[in-house]
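Participant: Got a structure here, written out as structure tokens. Questions coming.
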Amino acid sequence: MVRLRLDLAYDGTDFSGWARQPGRRTVQGEIEQALGRILRLGEPAMLTVAGRTDAGVHARGQVAHVDVTDGSLAELDGNRGPLSVDERLSALVRRLGGVMTPDVRIYRVSVAPEGFDARFSATFRRYAYRVSDAVGGVDPLRRHEVVWHNRPLDLDALNAAATRLIGEHDFAAFCKRREGATTIRELQRLEWVREPDGVLVATVMADAFCHSMVRALVGSLLAVGDGRRPVEWPGEVLTRAVRDSGVHVAPAHGLCLEEVGYPPEPELAARAEATRRVRMLSPLGGAALQDE
């Protein structure tokens, strides 16, 4: 078996999210179908992804892996005789581009280093959320990636509120709970900038995210930025660690997965093993690890 790393991007507008769903168009389903067709797989390809995105969410720096056999890769040789590994992978990228729709692109396929796991080896995921408070609305050519907020936003207030959320916390107030899943995360970065065209961009980076966490964080900050809530409010919500009805989840189409980070190759397997554990707050307020 050979583990392949796939670096990819997609416009999430017309997808029902990443994860395969019967009767729905998903990113995972499209890629797995294309791989099965090109490599003539007897069984469906099974992709593992760094971060499963919701319906409407985009990705520019998504990473996935898939395990295939040497024999499957040999299907790429054609009539020219055996190709090198690099030639096969280049041919795979080219053929994937030919069979998939333009809203999803595999722009690199490589043999994964030993110990690599697209999901569990990751050390961080970096998202960007884009919002415009322009009086007349969003540039129509960017309407699928920039959310219009129909109130003026104060950049300083956004950042003042954001600093109160940085660090390792129980983010239950900003997550949709899932049975058996932890809501403890390390939020490594959360900051806003206003770009020259006036679009506000939030950079949100963490070791991992629970369901709807980024959009809930953004939603709480937008309420501060437009003056509806005080700067202290998101931090107070976080401390209570229970879902707050006042936190509105921001629209999906403003969110994009920009980058997934991994440690040096010798540390990949150890990182994967470590992150298969669930973080739980200890009675002393620290972080204890428990097997999933």
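Identifiers in the structure tokens: chain A, B, ... in order shown; residue index from 1 per chain; ligand index from 1 in order shown.
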Using backbone DSSP assignments, extract all strand (DSSP E or B) residues from region 138-282 of chain A; output them as a ChimeraX atom specification.
Facilitator: /A:147-148,167-170,184-194,200-206,255-261,277-281
Participant: Would you export the selected residues with N, CA, C and O atoms as a compact mmCIF listing (two decimals), in the first residue's frame, please?
Facilitator:
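What landed in part.txt:
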```txt
# COMPACT_ATOMS: atom_id res chain seq x y z
N VAL A 147 -19.12 37.93 3.26
CA VAL A 147 -20.44 38.16 3.85
C VAL A 147 -20.67 39.66 4.01
O VAL A 147 -19.76 40.39 4.42
N TRP A 148 -21.88 40.11 3.70
CA TRP A 148 -22.21 41.52 3.93
C TRP A 148 -22.82 41.68 5.32
O TRP A 148 -23.77 40.99 5.68
N GLY A 167 -6.16 31.13 23.70
CA GLY A 167 -5.65 30.19 24.69
C GLY A 167 -6.42 28.88 24.69
O GLY A 167 -7.30 28.65 23.85
N GLU A 168 -6.08 28.02 25.63
CA GLU A 168 -6.77 26.72 25.75
C GLU A 168 -7.94 26.86 26.71
O GLU A 168 -7.77 27.21 27.88
N HIS A 169 -9.12 26.58 26.17
CA HIS A 169 -10.35 26.73 26.94
C HIS A 169 -11.34 25.64 26.55
O HIS A 169 -11.17 24.95 25.54
N ASP A 170 -12.40 25.53 27.33
CA ASP A 170 -13.56 24.74 26.92
C ASP A 170 -14.45 25.68 26.11
O ASP A 170 -15.03 26.63 26.65
N ILE A 184 -12.83 21.11 24.21
CA ILE A 184 -11.62 21.80 24.67
C ILE A 184 -10.67 21.96 23.48
O ILE A 184 -10.33 20.99 22.81
N ARG A 185 -10.28 23.19 23.22
CA ARG A 185 -9.40 23.50 22.09
C ARG A 185 -8.40 24.57 22.52
O ARG A 185 -8.64 25.34 23.45
N GLU A 186 -7.28 24.61 21.79
CA GLU A 186 -6.30 25.68 21.99
C GLU A 186 -6.42 26.67 20.84
O GLU A 186 -5.99 26.38 19.72
N LEU A 187 -7.03 27.81 21.11
CA LEU A 187 -7.15 28.86 20.10
C LEU A 187 -5.84 29.64 20.08
O LEU A 187 -5.51 30.36 21.01
N GLN A 188 -5.07 29.47 19.01
CA GLN A 188 -3.72 30.01 18.93
C GLN A 188 -3.68 31.43 18.37
O GLN A 188 -2.76 32.20 18.69
N ARG A 189 -4.66 31.78 17.58
CA ARG A 189 -4.64 33.11 16.94
C ARG A 189 -6.06 33.50 16.57
O ARG A 189 -6.82 32.70 16.04
N LEU A 190 -6.41 34.74 16.85
CA LEU A 190 -7.71 35.29 16.44
C LEU A 190 -7.54 36.79 16.34
O LEU A 190 -7.44 37.49 17.34
N GLU A 191 -7.45 37.27 15.12
CA GLU A 191 -7.22 38.71 14.92
C GLU A 191 -7.87 39.16 13.61
O GLU A 191 -8.02 38.38 12.67
N TRP A 192 -8.23 40.45 13.60
CA TRP A 192 -8.89 41.05 12.46
C TRP A 192 -8.02 42.11 11.80
O TRP A 192 -7.29 42.82 12.50
N VAL A 193 -8.11 42.21 10.49
CA VAL A 193 -7.48 43.31 9.74
C VAL A 193 -8.50 43.82 8.74
O VAL A 193 -9.40 43.08 8.31
N ARG A 194 -8.37 45.09 8.38
CA ARG A 194 -9.18 45.64 7.30
C ARG A 194 -8.28 45.81 6.08
O ARG A 194 -7.29 46.54 6.14
N LEU A 200 -13.09 43.20 5.84
CA LEU A 200 -12.51 42.79 7.12
C LEU A 200 -12.26 41.29 7.07
O LEU A 200 -13.13 40.50 6.67
N VAL A 201 -11.04 40.89 7.48
CA VAL A 201 -10.66 39.48 7.46
C VAL A 201 -10.23 39.05 8.85
O VAL A 201 -9.32 39.65 9.44
N ALA A 202 -10.89 38.03 9.37
CA ALA A 202 -10.50 37.44 10.64
C ALA A 202 -9.64 36.22 10.36
O ALA A 202 -10.04 35.33 9.59
N THR A 203 -8.46 36.16 10.96
CA THR A 203 -7.62 34.96 10.91
C THR A 203 -7.84 34.19 12.19
O THR A 203 -7.67 34.72 13.29
N VAL A 204 -8.24 32.93 12.04
CA VAL A 204 -8.58 32.09 13.20
C VAL A 204 -7.76 30.80 13.09
O VAL A 204 -7.90 30.05 12.13
N MET A 205 -6.92 30.56 14.09
CA MET A 205 -6.03 29.40 14.04
C MET A 205 -6.09 28.65 15.37
O MET A 205 -6.07 29.26 16.44
N ALA A 206 -6.18 27.32 15.30
CA ALA A 206 -6.23 26.48 16.49
C ALA A 206 -5.65 25.12 16.17
O ALA A 206 -5.45 24.77 14.99
N LEU A 255 -16.40 31.80 5.19
CA LEU A 255 -15.33 31.02 5.83
C LEU A 255 -14.53 30.23 4.81
O LEU A 255 -15.10 29.59 3.91
N CYS A 256 -13.20 30.23 4.97
CA CYS A 256 -12.32 29.48 4.07
C CYS A 256 -11.18 28.87 4.87
O CYS A 256 -10.51 29.56 5.65
N LEU A 257 -10.93 27.57 4.69
CA LEU A 257 -9.78 26.90 5.28
C LEU A 257 -8.56 27.26 4.44
O LEU A 257 -8.45 26.86 3.28
N GLU A 258 -7.64 28.02 5.03
CA GLU A 258 -6.51 28.55 4.28
C GLU A 258 -5.26 27.67 4.35
O GLU A 258 -4.48 27.60 3.41
N GLU A 259 -5.05 26.99 5.48
CA GLU A 259 -3.78 26.27 5.66
C GLU A 259 -3.93 25.22 6.76
O GLU A 259 -4.63 25.43 7.75
N VAL A 260 -3.24 24.10 6.56
CA VAL A 260 -3.10 23.07 7.60
C VAL A 260 -1.62 22.89 7.85
O VAL A 260 -0.84 22.73 6.90
N GLY A 261 -1.21 22.92 9.12
CA GLY A 261 0.21 22.81 9.45
C GLY A 261 0.56 21.45 10.01
O GLY A 261 -0.24 20.82 10.71
N ARG A 277 -6.02 11.48 21.27
CA ARG A 277 -6.50 11.52 22.65
C ARG A 277 -7.43 12.73 22.82
O ARG A 277 -7.26 13.74 22.16
N VAL A 278 -8.36 12.58 23.71
CA VAL A 278 -9.33 13.64 23.95
C VAL A 278 -8.87 14.49 25.12
O VAL A 278 -8.50 13.98 26.17
N ARG A 279 -8.88 15.81 24.91
CA ARG A 279 -8.49 16.71 25.99
C ARG A 279 -9.67 16.91 26.93
O ARG A 279 -10.78 17.21 26.51
N MET A 280 -9.36 16.79 28.21
CA MET A 280 -10.37 17.04 29.24
C MET A 280 -9.74 17.91 30.32
O MET A 280 -8.60 17.70 30.70
N LEU A 281 -10.50 18.89 30.81
CA LEU A 281 -10.00 19.72 31.90
C LEU A 281 -9.95 18.89 33.17
O LEU A 281 -10.91 18.24 33.53
```
Participant: Here is a test: counting only C-alpha atoms, which residue of A:Arg125, A:Arg271, A:Lys176, A:Arg229 is nearest to Ala161 (chain A)?
Facilitator: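 Closest to Ala161 (chain A), using only C-alpha atoms: A:Arg229.
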Participant: Could you name the residues that touch Ala157 (chain A) at 9 Å or less, counting only C-alpha atoms, but leaving out those on the same chain fewer than 4 positions away, as an MDAnalysis selection string?
Facilitator: chainID A and resid 153 161:162 221 224:227 230:231
Participant: Keeping only N, CA, C and O atoms, take the residues you just selected and write them out as a compact mmCIF listing (two decimals), in the first residue's frame.
Facilitator:
```txt
# COMPACT_ATOMS: atom_id res chain seq x y z
N LEU A 153 -18.59 48.32 11.26
CA LEU A 153 -17.83 47.51 12.20
C LEU A 153 -16.58 48.26 12.67
O LEU A 153 -15.86 48.85 11.86
N ALA A 161 -12.12 42.37 21.73
CA ALA A 161 -12.93 41.23 22.16
C ALA A 161 -12.25 39.90 21.84
O ALA A 161 -12.32 38.94 22.61
N ALA A 162 -11.57 39.86 20.69
CA ALA A 162 -10.92 38.62 20.26
C ALA A 162 -9.82 38.18 21.21
O ALA A 162 -9.63 36.97 21.45
N LEU A 221 -18.20 38.06 17.81
CA LEU A 221 -17.36 39.24 17.64
C LEU A 221 -18.03 40.31 16.78
O LEU A 221 -17.87 41.50 17.03
N VAL A 224 -20.06 42.55 18.80
CA VAL A 224 -19.26 43.56 19.49
C VAL A 224 -18.83 44.65 18.51
O VAL A 224 -18.91 45.84 18.81
N GLY A 225 -18.40 44.24 17.33
CA GLY A 225 -17.89 45.19 16.35
C GLY A 225 -18.91 46.21 15.91
O GLY A 225 -18.55 47.35 15.57
N ASP A 226 -20.19 45.84 15.90
CA ASP A 226 -21.20 46.81 15.48
C ASP A 226 -21.90 47.48 16.66
O ASP A 226 -22.88 48.22 16.48
N GLY A 227 -21.40 47.22 17.88
CA GLY A 227 -21.89 47.94 19.04
C GLY A 227 -23.07 47.33 19.76
O GLY A 227 -23.55 47.89 20.76
N PRO A 230 -21.06 44.58 24.49
CA PRO A 230 -19.81 45.16 24.99
C PRO A 230 -18.62 44.28 24.66
O PRO A 230 -18.77 43.08 24.40
N VAL A 231 -17.43 44.86 24.71
CA VAL A 231 -16.20 44.13 24.39
C VAL A 231 -16.02 42.90 25.26
O VAL A 231 -15.49 41.87 24.82
```
Participant: If you count only C-alpha atoms, which residues fall within 10 Å of Leu89 (chain A), apart from same-chain ones fewer than 6 positions away, as a ChimeraX atom specification?
Facilitator: /A:4,73,76,83,95,108-111
Participant: Could you list, as a VMD selection string, every residue within 6 Å of region 48-60 of chain A, counting only C-alpha atoms and ignoring same-chain residues fewer than 5 positions away?
Facilitator: chain A and resid 9 to 13 15 to 18 65 118 to 119 252 to 253 255 to 258
Participant: Just write the chosen residues, N, CA and C atoms, as a tab-separated table (two decimals), in the first residue's frame.
Facilitator:
```tsv
chain	number	residue	atom	x	y	z
A	9	ALA	N	-8.21	22.34	-3.13
A	9	ALA	CA	-8.99	23.55	-2.87
A	9	ALA	C	-10.37	23.35	-3.48
A	10	TYR	N	-11.35	24.07	-2.91
A	10	TYR	CA	-12.70	23.99	-3.49
A	10	TYR	C	-13.52	25.21	-3.11
A	11	ASP	N	-14.47	25.51	-3.98
A	11	ASP	CA	-15.51	26.51	-3.74
A	11	ASP	C	-16.69	25.74	-3.17
A	12	GLY	N	-17.03	25.99	-1.91
A	12	GLY	CA	-18.04	25.19	-1.25
A	12	GLY	C	-19.47	25.54	-1.57
A	13	THR	N	-19.69	26.52	-2.46
A	13	THR	CA	-21.03	27.04	-2.71
A	13	THR	C	-22.05	25.96	-3.06
A	15	PHE	N	-21.66	22.60	-2.74
A	15	PHE	CA	-21.43	21.33	-2.06
A	15	PHE	C	-22.19	21.28	-0.74
A	16	SER	N	-22.65	20.09	-0.38
A	16	SER	CA	-23.26	19.87	0.94
A	16	SER	C	-22.18	19.52	1.96
A	17	GLY	N	-21.11	20.30	1.94
A	17	GLY	CA	-20.01	20.07	2.87
A	17	GLY	C	-18.99	19.08	2.32
A	18	TRP	N	-18.01	18.77	3.17
A	18	TRP	CA	-16.95	17.83	2.80
A	18	TRP	C	-17.44	16.39	2.81
A	65	HIS	N	-5.60	12.42	2.80
A	65	HIS	CA	-4.76	11.31	2.37
A	65	HIS	C	-5.63	10.12	1.96
A	118	ALA	N	-3.38	12.83	7.60
A	118	ALA	CA	-3.85	14.17	7.26
A	118	ALA	C	-4.60	14.82	8.41
A	119	ARG	N	-5.35	14.04	9.15
A	119	ARG	CA	-6.14	14.57	10.26
A	119	ARG	C	-5.34	14.67	11.55
A	252	ALA	N	-22.01	30.60	6.37
A	252	ALA	CA	-20.94	29.69	5.98
A	252	ALA	C	-20.04	30.25	4.90
A	253	HIS	N	-20.60	31.00	3.94
A	253	HIS	CA	-19.83	31.32	2.74
A	253	HIS	C	-18.69	32.31	2.98
A	255	LEU	N	-16.40	31.80	5.19
A	255	LEU	CA	-15.33	31.02	5.83
A	255	LEU	C	-14.53	30.23	4.81
A	256	CYS	N	-13.20	30.23	4.97
A	256	CYS	CA	-12.32	29.48	4.07
A	256	CYS	C	-11.18	28.87	4.87
A	257	LEU	N	-10.93	27.57	4.69
A	257	LEU	CA	-9.78	26.90	5.28
A	257	LEU	C	-8.56	27.26	4.44
A	258	GLU	N	-7.64	28.02	5.03
A	258	GLU	CA	-6.51	28.55	4.28
A	258	GLU	C	-5.26	27.67	4.35
```
Participant: Would you mind listing what lies within 6 Å of Phe174 (chain A) as a list in words, with only C-alpha atoms counted and same-chain residues fewer than 2 positions away left out?
Facilitator: Phe171, Ala172, Met213 and Ala216 of chain A
Participant: Which polymer residues have any atom within 10 Å of an atom of Gln28 (chain A), counting only C-alpha atoms, with same-chain residues fewer than 2 positions away left out, as a VMD selection string?
Facilitator: chain A and resid 15 17 to 21 25 to 26 30 to 34 45 to 49 52 64
Participant: By how many Å are CA of Thr182 (chain A) and CA of Leu222 (chain A) apart?
Facilitator: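 Distance reported for this atom pair: 25.7 Å.
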Participant: Hey, can you check how far CA of Arg151 (chain A) sits from CA of Ser132 (chain A)?
Facilitator: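 Separation of CA of Arg151 (chain A) and CA of Ser132 (chain A): 9.4 Å.
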Participant: Residues of region 112-232 of chain A in helix (DSSP H, G or I) according to DSSP, as JSON, numbers by chain?
Facilitator: {"A": [140, 141, 142, 155, 156, 157, 158, 159, 160, 161, 162, 163, 164, 165, 172, 173, 174, 213, 214, 215, 216, 217, 218, 219, 220, 221, 222, 223, 224, 225]}
Participant: Using only C-alpha atoms for the distances, tell me which of A:Arg164, A:Arg5, A:Arg24, A:His144 is nearest to Trp233 (chain A).
Facilitator: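 When distances to Trp233 (chain A) are compared using only C-alpha atoms, the smallest one comes from A:Arg164.
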Participant: Using only C-alpha atoms, find the one residue out of A:Ile106, A:Ala274, A:Cys175, A:Val138 that sits nearest to Ser212 (chain A).
Facilitator: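 The shortest atom-to-atom distance to Ser212 (chain A) comes from A:Cys175.
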Participant: Mind pulling up the distance from CA of His149 (chain A) to CA of Leu8 (chain A)?
Facilitator: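 One can read the CA of Leu8 (chain A) to CA of His149 (chain A) distance as 29.4 Å.
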Participant: Which is closer to Glu236 (chain A) than all the others in A:Tyr107, A:Leu165, A:Ala272, A:Glu195, using only C-alpha atoms?
Facilitator: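 Under the stated criterion, the closest residue is A:Leu165.
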Participant: So, with only C-alpha atoms as the atoms that count, which of A:Thr183, A:Ser90, A:Asn150, A:Ser72 lies closest to Ala208 (chain A)?
Facilitator: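 Of A:Thr183, A:Ser90, A:Asn150, A:Ser72, the one nearest Ala208 (chain A) is A:Thr183, counting only C-alpha atoms.
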